[in-house]
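Enquirer: Contents of my_file_30.txt (compact mmCIF, C-alpha atoms):
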# COMPACT_ATOMS: atom_id res chain seq x y z
CA MET H 1 185.92 212.14 -66.06
CA ARG H 2 184.29 211.72 -69.44
CA PRO H 3 186.49 212.88 -72.35
CA GLU H 4 183.88 215.31 -73.68
CA LEU H 5 183.84 217.02 -70.30
CA LEU H 6 187.63 217.16 -70.42
CA THR H 7 187.65 219.18 -73.64
CA GLY H 8 185.05 221.53 -72.15
CA HIS H 9 187.33 222.08 -69.15
CA LEU H 10 190.29 222.79 -71.45
CA ASP H 11 188.17 225.33 -73.30
CA ALA H 12 187.09 226.98 -70.06
CA LEU H 13 190.60 226.86 -68.56
CA LEU H 14 192.58 228.16 -71.52
CA GLY H 15 189.92 229.93 -73.57
CA LEU H 16 191.02 227.96 -76.63
CA PRO H 17 188.57 225.98 -78.75
CA PRO H 18 189.39 222.26 -78.53
CA PRO H 19 188.67 220.18 -81.62
CA ASP H 20 185.93 217.59 -81.37
CA ALA H 21 187.82 214.53 -82.61
CA GLY H 22 186.68 211.87 -80.19
CA PRO H 23 187.56 210.64 -76.72
CA VAL H 24 191.09 209.38 -77.48
CA PHE H 25 191.94 212.76 -78.96
CA ALA H 26 190.47 214.53 -75.92
CA VAL H 27 192.53 212.48 -73.46
CA ALA H 28 195.70 212.90 -75.57
CA LEU H 29 195.04 216.65 -75.80
CA ALA H 30 194.69 216.92 -72.03
CA GLY H 31 197.98 215.06 -71.58
CA HIS H 32 199.57 217.24 -74.24
CA VAL H 33 198.51 220.44 -72.48
CA ALA H 34 199.75 219.14 -69.11
CA ALA H 35 203.09 218.04 -70.57
CA GLY H 36 203.46 221.33 -72.44
CA LEU H 37 202.80 223.44 -69.36
CA THR H 38 205.22 221.31 -67.34
CA ALA H 39 207.87 221.73 -70.04
CA ILE H 40 207.40 225.50 -70.19
CA VAL H 41 207.73 225.93 -66.40
CA SER H 42 210.58 223.45 -65.90
CA GLY H 43 212.43 224.77 -68.95
CA ALA H 44 212.24 228.31 -67.60
CA LEU H 45 213.49 227.10 -64.20
CA ALA H 46 216.42 225.26 -65.81
CA ALA H 47 217.31 228.19 -68.04
CA THR H 48 217.33 230.70 -65.21
CA ALA H 49 219.10 228.50 -62.65
CA ALA H 50 222.81 228.66 -61.96
CA LYS H 51 224.60 226.14 -64.16
CA ARG H 52 225.76 223.82 -61.39
CA PRO H 53 224.42 220.77 -59.53
CA GLY H 54 221.01 221.35 -57.99
CA ARG H 55 218.10 223.19 -59.55
CA HIS H 56 219.45 223.34 -63.11
CA PRO H 57 219.86 219.58 -63.70
CA ARG H 58 216.71 218.71 -61.69
CA ALA H 59 214.56 221.12 -63.69
CA GLY H 60 216.29 219.97 -66.88
CA ARG H 61 215.34 216.34 -66.23
CA VAL H 62 211.71 217.34 -65.62
CA TYR H 63 211.87 219.39 -68.83
CA LEU H 64 213.14 216.42 -70.85
CA TRP H 65 210.45 214.08 -69.50
CA ALA H 66 207.77 216.69 -70.18
CA LEU H 67 209.19 217.21 -73.67
CA ALA H 68 208.97 213.45 -74.24
CA GLY H 69 205.33 213.66 -73.12
CA VAL H 70 204.69 216.49 -75.59
CA ALA H 71 206.23 214.44 -78.41
CA ALA H 72 204.31 211.28 -77.48
CA THR H 73 200.96 213.03 -77.23
CA ALA H 74 201.63 215.02 -80.41
CA THR H 75 202.12 211.68 -82.15
CA VAL H 76 198.68 210.52 -81.01
CA LEU H 77 197.04 213.82 -81.91
CA ALA H 78 198.62 213.83 -85.37
CA ALA H 79 197.71 210.19 -85.98
CA ILE H 80 194.06 211.06 -85.38
CA ARG H 81 194.01 214.35 -87.33
CA TRP H 82 197.03 214.17 -89.64
CA HIS H 83 195.71 216.71 -92.13
CA HIS H 84 195.31 219.34 -89.38
CA ASP H 85 198.24 218.43 -87.12
CA ALA H 86 201.09 217.16 -89.32
CA HIS H 87 202.99 220.45 -89.02
CA LEU H 88 202.57 220.39 -85.23
CA PHE H 89 203.87 216.83 -85.17
CA ALA H 90 206.96 218.01 -87.09
CA ILE H 91 207.50 220.85 -84.61
CA ALA H 92 207.13 218.47 -81.64
CA MET H 93 209.64 216.03 -83.16
CA THR H 94 212.04 218.92 -83.80
CA ALA H 95 211.70 220.03 -80.17
CA ALA H 96 212.28 216.48 -78.92
CA GLY H 97 215.25 216.00 -81.25
CA LEU H 98 216.88 219.24 -80.15
CA GLY H 99 216.26 218.37 -76.50
CA GLY H 100 217.88 214.98 -77.04
CA TYR H 101 220.83 216.64 -78.75
CA GLY H 102 221.28 219.03 -75.83
CA PHE H 103 220.98 216.20 -73.31
CA ARG H 104 223.53 214.09 -75.18
CA ALA H 105 225.97 217.01 -75.38
CA ARG H 106 225.93 217.20 -71.58
CA ARG H 107 225.96 213.46 -70.89
CA HIS H 108 228.86 212.80 -73.27
CA PRO H 109 230.93 215.98 -72.98
CA THR H 110 233.55 216.80 -75.57
CA PRO H 111 235.31 220.15 -75.99
CA GLY H 112 232.70 222.84 -76.56
CA TRP H 113 229.83 220.81 -75.11
CA PRO H 114 228.24 223.75 -73.21
CA VAL H 115 227.48 225.52 -76.49
CA ARG H 116 225.90 222.39 -78.00
CA HIS H 117 223.93 221.80 -74.78
CA ALA H 118 222.61 225.38 -74.74
CA VAL H 119 221.75 225.36 -78.45
CA GLY H 120 219.97 222.00 -78.18
CA MET H 121 218.00 222.75 -75.05
CA GLY H 122 217.30 226.38 -75.97
CA GLY H 123 216.33 225.38 -79.49
CA SER H 124 213.91 222.79 -78.15
CA TYR H 125 212.34 225.47 -75.94
CA ILE H 126 211.96 227.76 -78.96
CA ALA H 127 210.34 224.92 -80.92
CA LEU H 128 207.96 224.29 -78.01
CA PHE H 129 206.80 227.92 -78.08
CA THR H 130 206.62 227.90 -81.88
CA GLY H 131 204.25 224.93 -81.81
CA PHE H 132 202.09 226.63 -79.20
CA TYR H 133 201.85 229.91 -81.10
CA VAL H 134 201.34 228.32 -84.51
CA ASP H 135 198.42 226.32 -83.11
CA ASN H 136 196.95 228.86 -80.69
CA GLY H 137 198.12 232.30 -81.86
CA PRO H 138 194.93 233.04 -83.82
CA PHE H 139 192.91 232.64 -80.60
CA LEU H 140 195.13 234.68 -78.27
CA PRO H 141 194.55 238.37 -77.53
CA LEU H 142 197.04 240.61 -79.36
CA TRP H 143 198.61 237.59 -81.07
CA ASN H 144 195.42 237.23 -83.13
CA ARG H 145 196.29 240.56 -84.77
CA LEU H 146 199.64 239.35 -86.04
CA PRO H 147 200.20 237.78 -89.45
CA HIS H 148 200.44 233.99 -89.39
CA LEU H 149 204.15 234.12 -90.27
CA ALA H 150 204.81 235.87 -86.95
CA TYR H 151 203.73 232.73 -85.06
CA TRP H 152 206.51 230.85 -86.83
CA LEU H 153 209.22 233.50 -86.52
CA LEU H 154 208.79 235.42 -83.26
CA PRO H 155 209.82 232.60 -80.88
CA THR H 156 213.13 232.28 -82.74
CA LEU H 157 213.63 236.03 -83.05
CA VAL H 158 213.24 236.35 -79.28
CA GLY H 159 214.85 233.07 -78.20
CA ALA H 160 217.98 232.92 -80.37
CA PRO H 161 219.50 236.15 -78.98
CA LEU H 162 218.74 234.92 -75.45
CA ILE H 163 220.57 231.65 -76.16
CA ARG H 164 223.51 233.60 -77.57
CA LEU H 165 223.56 235.85 -74.50
CA GLY H 166 223.50 232.84 -72.20
CA ILE H 167 226.36 231.20 -74.06
CA ARG H 168 228.43 234.39 -73.94
CA ARG H 169 227.84 234.79 -70.21
CA PHE H 170 228.69 231.16 -69.50
CA THR H 171 231.81 231.00 -71.68
CA ARG H 172 233.15 234.48 -70.84
CA GLY H 173 236.75 234.11 -69.75
CA ARG H 174 236.89 230.42 -70.76
CA HIS H 175 238.72 228.95 -73.68
CA PRO H 176 236.19 226.85 -75.68
CA ALA H 177 238.37 223.74 -75.50
CA SER H 178 239.49 224.09 -71.89
CA PRO H 179 239.17 221.04 -69.64
CA ALA H 180 237.36 223.19 -67.05
CA GLU H 181 234.18 222.89 -69.09
Translate this structure into structure tokens?
Expert:
Amino acid sequence: MRPELLTGHLDALLGLPPPDAGPVFAVALAGHVAAGLTAIVSGALAATAAKRPGRHPRAGRVYLWALAGVAATATVLAAIRWHHDAHLFAIAMTAAGLGGYGFRARRHPTPGWPVRHAVGMGGSYIALFTGFYVDNGPFLPLWNRLPHLAYWLLPTLVGAPLIRLGIRRFTRGRHPASPAE
């Protein structure tokens, strides 16, 4: 498929105006959208799954790979249009860094690792949504009526209490330094 047709399909599919920045940008944008959608779905699956072997770690691995795809494609997009996309690049790197922090907390557990895992992974999910709303909020119904600052703050205002709730539910009845973690 020709890249210019690809951006037209993104516009038709999502109703968002794609920038006309050339074929490399168009291909990177398509990959970015695919990786972002994969991250959103797999992150939701991981977050809502029981925290045990099975769906949670499988969805979490898909989430991390998709998050890596978001970061890689954001790098390409920002390299092409730095003036317009530098802030989105910073958000993508923050999301990837938090995801890596959460992954490392689980892979190298020390006392209290579940809290660090939840904060890292949940924080990366919040950053993912922040990037989406900062870039696309002005074009979304209802969101387009909000002040620009809301695109930056609402994902955290909604997500942080959910992370806290998840941590409280998971650690209820456990001592933070217990070996059962």
Enquirer: So how many Å separate CA of Phe25 in chain H and CA of His84 in chain H, to one decimal?
Expert: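 These atoms are spaced 12.8 Å apart.
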Enquirer: So that each row is one residue of range 38-68 of chain H with an atom at most 12 Å from range 100-103 of chain H, can you give its shortest atom pair and the distance in Å to one decimal, using only C-alpha atoms, rows by chain and rising number, as CSV?
Expert:
residue,atom,partner,partner_atom,distance
H:Pro57,CA,H:Phe103,CA,10.2
H:Gly60,CA,H:Phe103,CA,8.8
H:Arg61,CA,H:Phe103,CA,9.1
H:Tyr63,CA,H:Phe103,CA,10.6
H:Leu64,CA,H:Gly100,CA,7.9
H:Trp65,CA,H:Gly100,CA,10.6
H:Leu67,CA,H:Gly100,CA,9.6
H:Ala68,CA,H:Gly100,CA,9.5
Enquirer: For a cutoff of 10 Å around the file-coordinate point (209.3, 207.7, -85.2), which residues qualify once you count all atoms listed in the file? I'd like the result as a list in words.
Expert: Ala72, Thr75 and Met93 of chain H
Enquirer: Expressed in Å to a single decimal, how great is the separation between CA of Trp82 in chain H and CA of Leu157 in chain H?
Expert: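 Separation of CA of Trp82 in chain H and CA of Leu157 in chain H: 28.2 Å.
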Enquirer: Kindly indicate which residue among H:Met121, H:Leu153, H:Asp135, H:Ala90 lies nearest to Ile167 in chain H, using all atoms listed in the file for the distances.
Expert: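 For Ile167 in chain H, the nearest of the given residues is H:Met121.
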Enquirer: With a distance cut-off of 10 Å and all atoms listed in the file, select the neighbouring residues of Leu45 in chain H, excluding the residue or stretch itself and same-chain residues fewer than 3 positions from it, and output the selection as a PyMOL selection string.
Expert: chain H and resi 39-42+48-50+55-60+63
Enquirer: What is the distance, in Å and to one decimal place, between CA of Gly137 in chain H and CA of Ile163 in chain H?
Expert: 23.2 Å
Enquirer: Taking (202.1, 223.5, -81.2) in the file's coordinates as the center, which residues reach within 10 Å of it, counting all atoms listed in the file, put as an NGL selection string?
Expert: :H and (32-33 or 36 or 70 or 74 or 85 or 87-92 or 127-137)
Enquirer: For Thr38 in chain H, which residue among H:Pro109, H:Gly69, H:Pro138, H:Gly99 is the nearest when counting only C-alpha atoms?
Expert: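 Using only C-alpha atoms, Thr38 in chain H sits closest to H:Gly69.
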Enquirer: Restricting the calculation to only C-alpha atoms: of H:Gly166, H:Gly31, H:Leu154, H:Ala66, which residue gets closest to Val115 in chain H?
Expert: H:Gly166
Enquirer: With 8 Å added on each side, what axis-aligned box encloses every listed atom of range 25-29 of chain H? Give the centre and edge lengths in Å to one decimal, as JSON.
Expert:
{"center_x": 193.1, "center_y": 214.6, "center_z": -76.2, "size_x": 21.2, "size_y": 20.2, "size_z": 21.5}
